[in-house]
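**Q** Sharing query.txt, compact mmCIF, C-alpha atoms:
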# COMPACT_ATOMS: atom_id res chain seq x y z
CA MET H 1 34.61 -4.29 16.69
CA ALA H 2 33.31 -0.89 15.59
CA VAL H 3 29.52 -0.78 15.21
CA MET H 4 27.52 1.99 13.54
CA ALA H 5 23.78 2.29 14.07
CA VAL H 6 21.44 3.26 11.22
CA ILE H 7 18.07 4.76 12.21
CA VAL H 8 15.37 5.60 9.67
CA SER H 9 13.05 8.35 10.87
CA PHE H 10 9.79 9.86 9.69
CA ASN H 11 8.02 12.31 12.00
CA PRO H 12 9.30 10.56 15.14
CA GLU H 13 7.80 11.09 18.57
CA ALA H 14 10.33 13.38 20.20
CA SER H 15 10.85 11.76 23.60
CA THR H 16 11.05 8.18 22.27
CA PHE H 17 13.46 9.23 19.53
CA SER H 18 15.68 11.12 21.94
CA GLN H 19 15.68 8.15 24.31
CA LEU H 20 16.82 5.88 21.48
CA LEU H 21 19.68 8.23 20.56
CA THR H 22 20.76 8.39 24.19
CA GLN H 23 20.63 4.61 24.61
CA LEU H 24 22.61 4.04 21.43
CA SER H 25 25.25 6.66 22.18
CA ALA H 26 26.60 4.46 24.98
CA GLN H 27 26.61 1.27 22.90
CA VAL H 28 27.87 2.15 19.39
CA GLU H 29 30.70 4.20 17.94
CA ARG H 30 28.51 6.36 15.71
CA ILE H 31 24.89 6.81 14.62
CA VAL H 32 23.49 7.61 11.18
CA VAL H 33 19.97 9.04 11.10
CA VAL H 34 18.33 8.95 7.68
CA ASP H 35 15.24 11.12 7.82
CA ASN H 36 12.51 10.52 5.24
CA ALA H 37 11.39 14.15 4.91
CA SER H 38 9.83 14.65 8.35
CA THR H 39 7.68 17.74 8.65
CA GLY H 40 9.21 18.67 12.02
CA ASP H 41 12.69 19.90 12.87
CA ILE H 42 14.56 16.61 13.05
CA ALA H 43 17.91 18.42 13.32
CA SER H 44 16.84 20.00 16.61
CA LEU H 45 15.92 16.59 18.01
CA VAL H 46 19.36 15.29 17.11
CA ARG H 47 21.13 18.31 18.60
CA ALA H 48 19.14 17.85 21.81
CA VAL H 49 21.18 14.71 22.53
CA PRO H 50 24.70 16.18 22.64
CA GLU H 51 26.31 12.99 23.93
CA ALA H 52 25.40 11.14 20.71
CA THR H 53 27.72 11.29 17.70
CA VAL H 54 25.23 11.50 14.85
CA ASP H 55 25.41 11.96 11.08
CA LEU H 56 22.06 13.28 9.87
CA LEU H 57 21.02 12.61 6.27
CA GLN H 58 17.82 14.43 5.34
CA ALA H 59 15.87 13.38 2.26
CA THR H 60 13.65 15.88 0.46
CA GLN H 61 10.92 13.25 0.01
CA ASN H 62 9.91 9.97 1.60
CA LEU H 63 12.26 7.46 0.01
CA GLY H 64 10.84 4.43 1.79
CA ILE H 65 12.54 2.22 4.36
CA ALA H 66 14.73 0.29 1.90
CA ALA H 67 16.26 3.32 0.15
CA ALA H 68 16.79 5.08 3.48
CA GLN H 69 18.53 2.03 4.94
CA ASN H 70 20.72 1.84 1.85
CA LEU H 71 21.81 5.44 2.35
CA GLY H 72 22.67 4.58 5.92
CA ILE H 73 24.60 1.48 4.86
CA SER H 74 26.62 3.53 2.37
CA LYS H 75 27.42 6.16 4.99
CA ALA H 76 28.38 3.51 7.54
CA SER H 77 30.57 1.73 5.00
CA GLU H 78 32.44 4.97 4.29
CA SER H 79 33.28 5.15 7.98
CA GLY H 80 35.05 1.79 7.85
CA CYS H 81 32.92 0.26 10.62
CA ASP H 82 32.95 -3.49 11.09
CA ALA H 83 29.21 -3.99 11.54
CA ILE H 84 25.94 -2.12 11.08
CA ILE H 85 22.89 -2.34 13.33
CA PHE H 86 19.46 -1.10 12.19
CA PHE H 87 16.75 0.61 14.18
CA ASP H 88 13.27 1.98 13.71
CA GLN H 89 12.63 5.33 15.36
CA ASP H 90 10.30 3.87 18.01
CA SER H 91 12.64 1.15 19.28
CA ARG H 92 14.05 1.08 22.79
CA ILE H 93 17.30 -0.73 23.49
CA PRO H 94 18.39 -1.29 27.09
CA ASP H 95 22.04 -1.16 28.15
CA GLY H 96 24.12 -4.16 27.19
CA VAL H 97 21.94 -5.42 24.34
CA ILE H 98 24.38 -4.57 21.56
CA ALA H 99 27.26 -6.10 23.55
CA ARG H 100 25.31 -9.36 23.72
CA LEU H 101 24.73 -9.26 19.98
CA LYS H 102 28.36 -8.36 19.20
CA ALA H 103 29.61 -11.31 21.25
CA HIS H 104 28.17 -13.69 18.64
CA LEU H 105 30.28 -12.10 15.91
CA CYS H 106 33.38 -13.47 17.65
CA ASP H 107 32.31 -16.68 15.91
CA PRO H 108 33.39 -16.30 12.24
CA ALA H 109 30.49 -18.55 11.22
CA VAL H 110 27.98 -15.94 12.45
CA SER H 111 27.41 -12.77 10.41
CA ILE H 112 23.86 -11.66 11.32
CA VAL H 113 22.52 -11.43 14.88
CA ALA H 114 19.07 -10.29 16.03
CA PRO H 115 17.37 -9.70 19.39
CA VAL H 116 13.88 -10.77 20.38
CA HIS H 117 11.14 -8.16 20.13
CA PHE H 118 8.45 -7.14 22.58
CA ASP H 119 5.64 -4.64 22.12
CA ALA H 120 6.46 -1.85 24.55
CA GLU H 121 2.87 -0.72 25.04
CA GLN H 122 0.78 -3.89 24.85
CA GLY H 123 3.18 -6.25 26.58
CA PHE H 124 3.47 -9.19 24.20
CA GLY H 125 6.39 -10.75 22.36
CA TYR H 126 6.67 -11.03 18.60
CA PRO H 127 7.29 -14.61 17.51
CA VAL H 128 10.68 -15.67 16.21
CA VAL H 129 10.05 -17.19 12.78
CA ASP H 130 11.99 -19.62 10.63
CA ILE H 131 10.91 -20.25 7.03
CA ALA H 132 11.94 -23.56 5.50
CA PRO H 133 12.97 -23.85 1.83
CA ASN H 134 9.56 -25.34 1.00
CA GLY H 135 7.79 -22.34 2.56
CA THR H 136 6.57 -23.97 5.76
CA ARG H 137 7.40 -22.06 8.92
CA ARG H 138 8.15 -22.68 12.54
CA LYS H 139 7.50 -20.12 15.27
CA TRP H 140 8.73 -19.63 18.82
CA GLN H 141 7.46 -17.20 21.41
CA PRO H 142 10.54 -15.28 22.63
CA GLU H 143 9.91 -16.05 26.29
CA THR H 144 10.15 -19.79 25.56
CA LEU H 145 13.69 -19.57 24.17
CA SER H 146 16.47 -20.38 26.63
CA SER H 147 19.40 -20.35 24.20
CA PRO H 148 20.29 -18.79 20.82
CA ILE H 149 18.84 -20.29 17.65
CA ASP H 150 19.54 -19.83 13.94
CA VAL H 151 16.61 -18.86 11.72
CA SER H 152 16.04 -17.58 8.20
CA VAL H 153 14.33 -14.22 8.83
CA ALA H 154 14.23 -11.42 11.40
CA ILE H 155 12.75 -7.99 11.95
CA SER H 156 15.34 -5.44 10.79
CA SER H 157 15.19 -3.21 13.87
CA GLY H 158 17.92 -4.32 16.23
CA THR H 159 19.57 -6.65 13.70
CA LEU H 160 23.38 -6.49 13.65
CA VAL H 161 25.12 -7.33 10.35
CA ARG H 162 28.78 -7.67 9.42
CA ARG H 163 29.49 -5.01 6.81
CA GLY H 164 30.88 -7.54 4.35
CA VAL H 165 27.54 -9.33 4.09
CA PHE H 166 26.19 -6.49 1.95
CA ASP H 167 29.02 -7.03 -0.55
CA GLN H 168 27.95 -10.65 -0.93
CA VAL H 169 24.16 -10.33 -0.75
CA GLY H 170 23.47 -6.79 -1.97
CA LEU H 171 21.52 -3.91 -0.46
CA MET H 172 17.86 -3.66 0.46
CA ASP H 173 15.35 -3.90 -2.40
CA GLU H 174 14.18 -0.32 -2.93
CA SER H 175 11.38 -1.37 -5.30
CA LEU H 176 9.44 -2.76 -2.30
CA PHE H 177 9.56 0.70 -0.62
CA ILE H 178 8.30 -0.63 2.75
CA ASP H 179 7.02 -3.96 4.11
CA TYR H 180 8.72 -7.31 3.52
CA VAL H 181 12.00 -5.48 2.87
CA ASP H 182 13.73 -7.26 5.76
CA THR H 183 12.11 -10.61 4.90
CA GLU H 184 13.19 -10.47 1.26
CA TRP H 185 16.75 -9.47 2.19
CA CYS H 186 17.05 -12.22 4.82
CA LEU H 187 15.88 -14.85 2.33
CA ARG H 188 18.51 -13.56 -0.10
CA CYS H 189 21.05 -14.04 2.68
CA VAL H 190 19.92 -17.64 3.16
CA GLN H 191 20.61 -18.23 -0.54
CA LYS H 192 24.22 -17.20 0.12
CA GLY H 193 24.50 -19.34 3.23
CA TYR H 194 23.93 -16.62 5.86
CA PHE H 195 21.41 -17.36 8.60
CA VAL H 196 20.25 -15.13 11.47
CA ARG H 197 21.43 -15.93 14.99
CA VAL H 198 18.67 -14.90 17.43
CA GLU H 199 19.83 -14.11 20.97
CA PRO H 200 16.90 -14.39 23.42
CA ALA H 201 18.88 -12.61 26.17
CA ALA H 202 18.91 -9.48 23.98
CA ARG H 203 15.50 -7.85 24.29
CA LEU H 204 14.32 -4.95 22.14
CA GLU H 205 11.14 -3.04 22.82
CA HIS H 206 9.50 -2.14 19.56
CA SER H 207 6.02 -1.10 18.43
CA LEU H 208 4.67 -2.41 15.12
CA GLY H 209 1.60 -0.61 13.82
CA LEU H 210 -0.52 2.17 15.30
CA ARG H 211 -2.39 -0.43 17.36
CA SER H 212 -3.25 -4.09 17.01
CA ALA H 213 -6.27 -6.36 17.02
CA SER H 214 -6.50 -9.95 18.23
CA LEU H 215 -7.78 -12.74 16.00
CA GLY H 216 -7.62 -15.90 18.09
CA ARG H 217 -3.94 -16.37 18.93
CA PHE H 218 -2.90 -13.94 16.18
CA ARG H 219 -2.34 -10.20 16.48
CA ILE H 220 -2.94 -7.93 13.51
CA PRO H 221 -1.12 -4.56 13.37
CA ILE H 222 -3.50 -1.79 12.30
CA HIS H 223 -1.60 0.63 10.10
CA ARG H 224 -2.84 3.49 7.97
CA PRO H 225 -4.63 2.47 4.74
CA GLU H 226 -1.58 3.30 2.58
CA ARG H 227 0.52 0.90 4.62
CA ARG H 228 -1.97 -1.90 4.03
CA TYR H 229 -1.48 -1.24 0.32
CA TYR H 230 2.20 -2.18 0.61
CA ARG H 231 1.42 -5.30 2.65
CA ILE H 232 -0.94 -6.54 -0.06
CA ARG H 233 1.03 -5.43 -3.11
CA ASN H 234 4.42 -6.63 -1.88
CA ALA H 235 3.09 -10.03 -0.84
CA LEU H 236 1.98 -10.48 -4.45
CA LEU H 237 5.32 -9.20 -5.73
CA LEU H 238 7.17 -11.76 -3.60
CA VAL H 239 5.55 -14.52 -5.66
CA ARG H 240 7.87 -13.42 -8.50
CA TYR H 241 11.10 -13.68 -6.46
CA PRO H 242 12.90 -17.00 -7.11
CA HIS H 243 14.53 -17.05 -3.65
CA VAL H 244 11.19 -16.58 -1.84
CA PRO H 245 9.33 -19.88 -1.24
CA LEU H 246 6.07 -19.81 -3.16
CA LEU H 247 4.09 -21.25 -0.25
CA MET H 248 5.32 -18.45 2.02
CA ALA H 249 4.35 -15.74 -0.48
CA LEU H 250 0.89 -17.24 -1.07
CA ARG H 251 0.31 -17.52 2.67
CA GLU H 252 1.10 -13.82 3.05
CA VAL H 253 -1.36 -12.99 0.25
CA ILE H 254 -4.10 -14.96 2.01
CA PHE H 255 -3.27 -13.46 5.41
CA GLY H 256 -3.35 -10.02 3.83
CA PHE H 257 -6.91 -10.62 2.68
CA VAL H 258 -8.00 -11.96 6.08
CA HIS H 259 -6.31 -9.13 7.95
CA THR H 260 -7.95 -6.53 5.74
CA CYS H 261 -11.38 -8.07 6.37
CA VAL H 262 -10.80 -7.88 10.14
CA ILE H 263 -9.51 -4.32 9.99
CA VAL H 264 -12.47 -3.17 7.88
CA LEU H 265 -14.81 -4.47 10.58
CA LEU H 266 -12.97 -2.55 13.31
CA VAL H 267 -12.12 0.87 11.91
CA ARG H 268 -13.77 3.96 10.59
CA HIS H 269 -12.84 5.15 7.09
CA ARG H 270 -13.17 1.54 5.95
CA GLN H 271 -13.64 2.77 2.38
CA ASP H 272 -9.99 3.84 2.37
CA TYR H 273 -8.84 0.39 3.46
CA LEU H 274 -10.95 -1.26 0.77
CA ARG H 275 -9.71 1.15 -1.90
CA PHE H 276 -6.07 0.59 -1.02
CA TYR H 277 -6.59 -3.17 -0.80
CA VAL H 278 -7.98 -3.24 -4.34
CA LYS H 279 -5.18 -1.00 -5.60
CA GLY H 280 -2.61 -3.23 -3.89
CA VAL H 281 -4.01 -6.32 -5.56
CA VAL H 282 -4.11 -4.66 -8.99
CA ASP H 283 -0.58 -3.26 -8.72
CA GLY H 284 0.79 -6.51 -7.29
CA VAL H 285 -0.69 -8.59 -10.11
CA ARG H 286 0.66 -6.11 -12.66
CA GLY H 287 4.10 -6.13 -11.05
CA ARG H 288 4.12 -2.43 -10.18
CA SER H 289 6.58 -1.43 -7.47
CA GLY H 290 7.96 1.71 -5.81
CA PRO H 291 5.97 4.27 -3.81
CA CYS H 292 2.18 4.35 -3.85
CA SER H 293 0.78 7.25 -5.85
CA GLN H 294 -2.43 7.71 -3.82
CA ARG H 295 -3.30 9.13 -0.43
CA SER H 296 -6.09 8.29 1.95
CA SER H 297 -8.66 10.78 3.21
CA ARG H 298 -7.65 10.17 6.84
Please rewrite the model in this file as structure tokens.
**A**
Amino acid sequence: MAVMAVIVSFNPEASTFSQLLTQLSAQVERIVVVDNASTGDIASLVRAVPEATVDLLQATQNLGIAAAQNLGISKASESGCDAIIFFDQDSRIPDGVIARLKAHLCDPAVSIVAPVHFDAEQGFGYPVVDIAPNGTRRKWQPETLSSPIDVSVAISSGTLVRRGVFDQVGLMDESLFIDYVDTEWCLRCVQKGYFVRVEPAARLEHSLGLRSASLGRFRIPIHRPERRYYRIRNALLLVRYPHVPLLMALREVIFGFVHTCVIVLLVRHRQDYLRFYVKGVVDGVRGRSGPCSQRSSR
């Protein structure tokens, strides 16, 4: 089975990005890097890993994660690969992980396989989540899983997908730009009868957010103010999607409010977070999508 990796980059940290290319070069047939208009010389970073076979697609502006992934999917499909695996630029994938994921695709009933995720810097695992049709959810800590399970959603980085799934389900929703893109697509997959097989023996190190804060047993990623805009706006947009359980969307709206309150108490430039929160609410209620038109002062 030929696997092509799709990486979306935007001003990546050089050593981590090079490490990812090196790790992938030994585990996949080819790599597509879709760069969202990085200010640095991304081509030099790619050339610095000569053992990797890489197609570099460079956008002239930040297209967002969904549009960039779609470009990668199209390029991978042209190659005739059997499956596509997605990565963020800050992921780390040890040897043998993709082989463990690929093994599940020997079962014709399985079309999407994901690893478990751990924060590389802060040393905690991201919960594996299953969302029921009524919007209730069940969560597992990755270290408690002893065997594979099937769930409804997964983080896109490290997720392996049979190429034919995109013909049945469609591509990523570019109107969301970033945030909830993977969740929305996975829930579309569930509508078509595709669930995500999670393999706990496949471990991916991945950092979400610039840093995180603890709120009881919850961790809150602290992104830039613009990124909080997308979290708030897109949660409100999900209310309009018929395949997204209403209870799930409303819970994300409420969590977005709570998370913003916590972040505002912890950071400087809180006026930017408040401004982008209000803009996210307004645009979400009005149904506006696509890239945000404002910038923070940070």
**Q** Using only C-alpha atoms, which residues of range 239-294 of chain H come within 12 Å of range 131-135 of chain H, and what is the closest atom pair for each, with the distance in Å to one decimal? Give it as JSON lines, sorted by chain and residue number.
**A**
{"residue": "H:Val239", "atom": "CA", "partner": "H:Gly135", "partner_atom": "CA", "distance": 11.6}
{"residue": "H:Pro242", "atom": "CA", "partner": "H:Pro133", "partner_atom": "CA", "distance": 11.3}
{"residue": "H:His243", "atom": "CA", "partner": "H:Pro133", "partner_atom": "CA", "distance": 8.9}
{"residue": "H:Val244", "atom": "CA", "partner": "H:Gly135", "partner_atom": "CA", "distance": 8.0}
{"residue": "H:Pro245", "atom": "CA", "partner": "H:Gly135", "partner_atom": "CA", "distance": 4.8}
{"residue": "H:Leu246", "atom": "CA", "partner": "H:Gly135", "partner_atom": "CA", "distance": 6.5}
{"residue": "H:Leu247", "atom": "CA", "partner": "H:Gly135", "partner_atom": "CA", "distance": 4.8}
{"residue": "H:Met248", "atom": "CA", "partner": "H:Gly135", "partner_atom": "CA", "distance": 4.6}
{"residue": "H:Ala249", "atom": "CA", "partner": "H:Gly135", "partner_atom": "CA", "distance": 8.0}
{"residue": "H:Leu250", "atom": "CA", "partner": "H:Gly135", "partner_atom": "CA", "distance": 9.3}
{"residue": "H:Arg251", "atom": "CA", "partner": "H:Gly135", "partner_atom": "CA", "distance": 8.9}
{"residue": "H:Glu252", "atom": "CA", "partner": "H:Gly135", "partner_atom": "CA", "distance": 10.8}
**Q** Around all the atoms of range 273-291 of chain H listed in the file, with 3 Å of room on each side, what axis-aligned box do you get, giving centre and edge lengths in Å to one decimal, as JSON?
**A**
{"center_x": -1.5, "center_y": -2.2, "center_z": -4.6, "size_x": 24.9, "size_y": 18.9, "size_z": 22.1}
**Q** By how many Å are CA of Ile112 in chain H and CA of Leu237 in chain H apart?
**A**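 Taking CA of Ile112 in chain H and CA of Leu237 in chain H, their separation equals 25.3 Å.
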**Q** Is it possible to get the residues within 7 Å of (19.5, 5.4, 14.4) (coordinates as in the file, counting all atoms listed in the file) written as number ranges by chain?
**A** H: 5-8, 21, 31-33, 86-87, 89
**Q** So which residues fall inside 12 Å of (21.0, -11.8, 4.0) if we count all atoms listed in the file? Mind giving them as a PyMOL selection string?
**A** chain H and resi 110-113+151-154+156+159-173+181-197+243
**Q** Would you mind exporting C-alpha atoms of the selected residues as a PDB file, in the frame of the given file?
**A**
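File selection02.pdb, as written:
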ATOM      1  CA  VAL H 110      27.980 -15.940  12.450  1.00  0.00           C
ATOM      2  CA  SER H 111      27.410 -12.770  10.410  1.00  0.00           C
ATOM      3  CA  ILE H 112      23.860 -11.660  11.320  1.00  0.00           C
ATOM      4  CA  VAL H 113      22.520 -11.430  14.880  1.00  0.00           C
ATOM      5  CA  VAL H 151      16.610 -18.860  11.720  1.00  0.00           C
ATOM      6  CA  SER H 152      16.040 -17.580   8.200  1.00  0.00           C
ATOM      7  CA  VAL H 153      14.330 -14.220   8.830  1.00  0.00           C
ATOM      8  CA  ALA H 154      14.230 -11.420  11.400  1.00  0.00           C
ATOM      9  CA  SER H 156      15.340  -5.440  10.790  1.00  0.00           C
ATOM     10  CA  THR H 159      19.570  -6.650  13.700  1.00  0.00           C
ATOM     11  CA  LEU H 160      23.380  -6.490  13.650  1.00  0.00           C
ATOM     12  CA  VAL H 161      25.120  -7.330  10.350  1.00  0.00           C
ATOM     13  CA  ARG H 162      28.780  -7.670   9.420  1.00  0.00           C
ATOM     14  CA  ARG H 163      29.490  -5.010   6.810  1.00  0.00           C
ATOM     15  CA  GLY H 164      30.880  -7.540   4.350  1.00  0.00           C
ATOM     16  CA  VAL H 165      27.540  -9.330   4.090  1.00  0.00           C
ATOM     17  CA  PHE H 166      26.190  -6.490   1.950  1.00  0.00           C
ATOM     18  CA  ASP H 167      29.020  -7.030  -0.550  1.00  0.00           C
ATOM     19  CA  GLN H 168      27.950 -10.650  -0.930  1.00  0.00           C
ATOM     20  CA  VAL H 169      24.160 -10.330  -0.750  1.00  0.00           C
ATOM     21  CA  GLY H 170      23.470  -6.790  -1.970  1.00  0.00           C
ATOM     22  CA  LEU H 171      21.520  -3.910  -0.460  1.00  0.00           C
ATOM     23  CA  MET H 172      17.860  -3.660   0.460  1.00  0.00           C
ATOM     24  CA  ASP H 173      15.350  -3.900  -2.400  1.00  0.00           C
ATOM     25  CA  VAL H 181      12.000  -5.480   2.870  1.00  0.00           C
ATOM     26  CA  ASP H 182      13.730  -7.260   5.760  1.00  0.00           C
ATOM     27  CA  THR H 183      12.110 -10.610   4.900  1.00  0.00           C
ATOM     28  CA  GLU H 184      13.190 -10.470   1.260  1.00  0.00           C
ATOM     29  CA  TRP H 185      16.750  -9.470   2.190  1.00  0.00           C
ATOM     30  CA  CYS H 186      17.050 -12.220   4.820  1.00  0.00           C
ATOM     31  CA  LEU H 187      15.880 -14.850   2.330  1.00  0.00           C
ATOM     32  CA  ARG H 188      18.510 -13.560  -0.100  1.00  0.00           C
ATOM     33  CA  CYS H 189      21.050 -14.040   2.680  1.00  0.00           C
ATOM     34  CA  VAL H 190      19.920 -17.640   3.160  1.00  0.00           C
ATOM     35  CA  GLN H 191      20.610 -18.230  -0.540  1.00  0.00           C
ATOM     36  CA  LYS H 192      24.220 -17.200   0.120  1.00  0.00           C
ATOM     37  CA  GLY H 193      24.500 -19.340   3.230  1.00  0.00           C
ATOM     38  CA  TYR H 194      23.930 -16.620   5.860  1.00  0.00           C
ATOM     39  CA  PHE H 195      21.410 -17.360   8.600  1.00  0.00           C
ATOM     40  CA  VAL H 196      20.250 -15.130  11.470  1.00  0.00           C
ATOM     41  CA  ARG H 197      21.430 -15.930  14.990  1.00  0.00           C
ATOM     42  CA  HIS H 243      14.530 -17.050  -3.650  1.00  0.00           C
TER      43      HIS H 243
END
**Q** For CA of Arg240 in chain H and CA of Lys279 in chain H, quote the distance in Å rounded to one decimal.
**A**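 Separation between CA of Arg240 in chain H and CA of Lys279 in chain H: 18.2 Å.
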**Q** Between H:Glu226, H:Glu29, H:Asp35, H:Asp41, which residue has the minimum interatomic distance to Ile98 in chain H, considering only C-alpha atoms?
**A**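 Nearest candidate to Ile98 in chain H out of H:Glu226, H:Glu29, H:Asp35, H:Asp41: H:Glu29.
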**Q** For Leu101 in chain H, list every protein, DNA or RNA residue within 8 Å, evaluated using only C-alpha atoms, and leave out those in the same chain fewer than 3 positions away; present the list as a ChimeraX atom specification.
**A** /H:97-98,104-105,113-115,160,199,202
**Q** Just the number, please: distance in Å from CA of Ala103 in chain H to CA of Leu57 in chain H, one decimal.
**A**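 Atom-to-atom, CA of Ala103 in chain H and CA of Leu57 in chain H are spaced 29.5 Å apart.
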**Q** For Ala235 in chain H, which residue out of H:Ala43, H:Ala14, H:Ile85, H:Val285 is the nearest one, using only C-alpha atoms?
**A**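 Comparing H:Ala43, H:Ala14, H:Ile85, H:Val285 against Ala235 in chain H, the winner is H:Val285.
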**Q** Glu51 in chain H: which residues within 12 Å, counting all atoms listed in the file, same-chain residues fewer than 3 positions away excluded, as a ChimeraX atom specification?
**A** /H:18-19,21-31,46-48,54
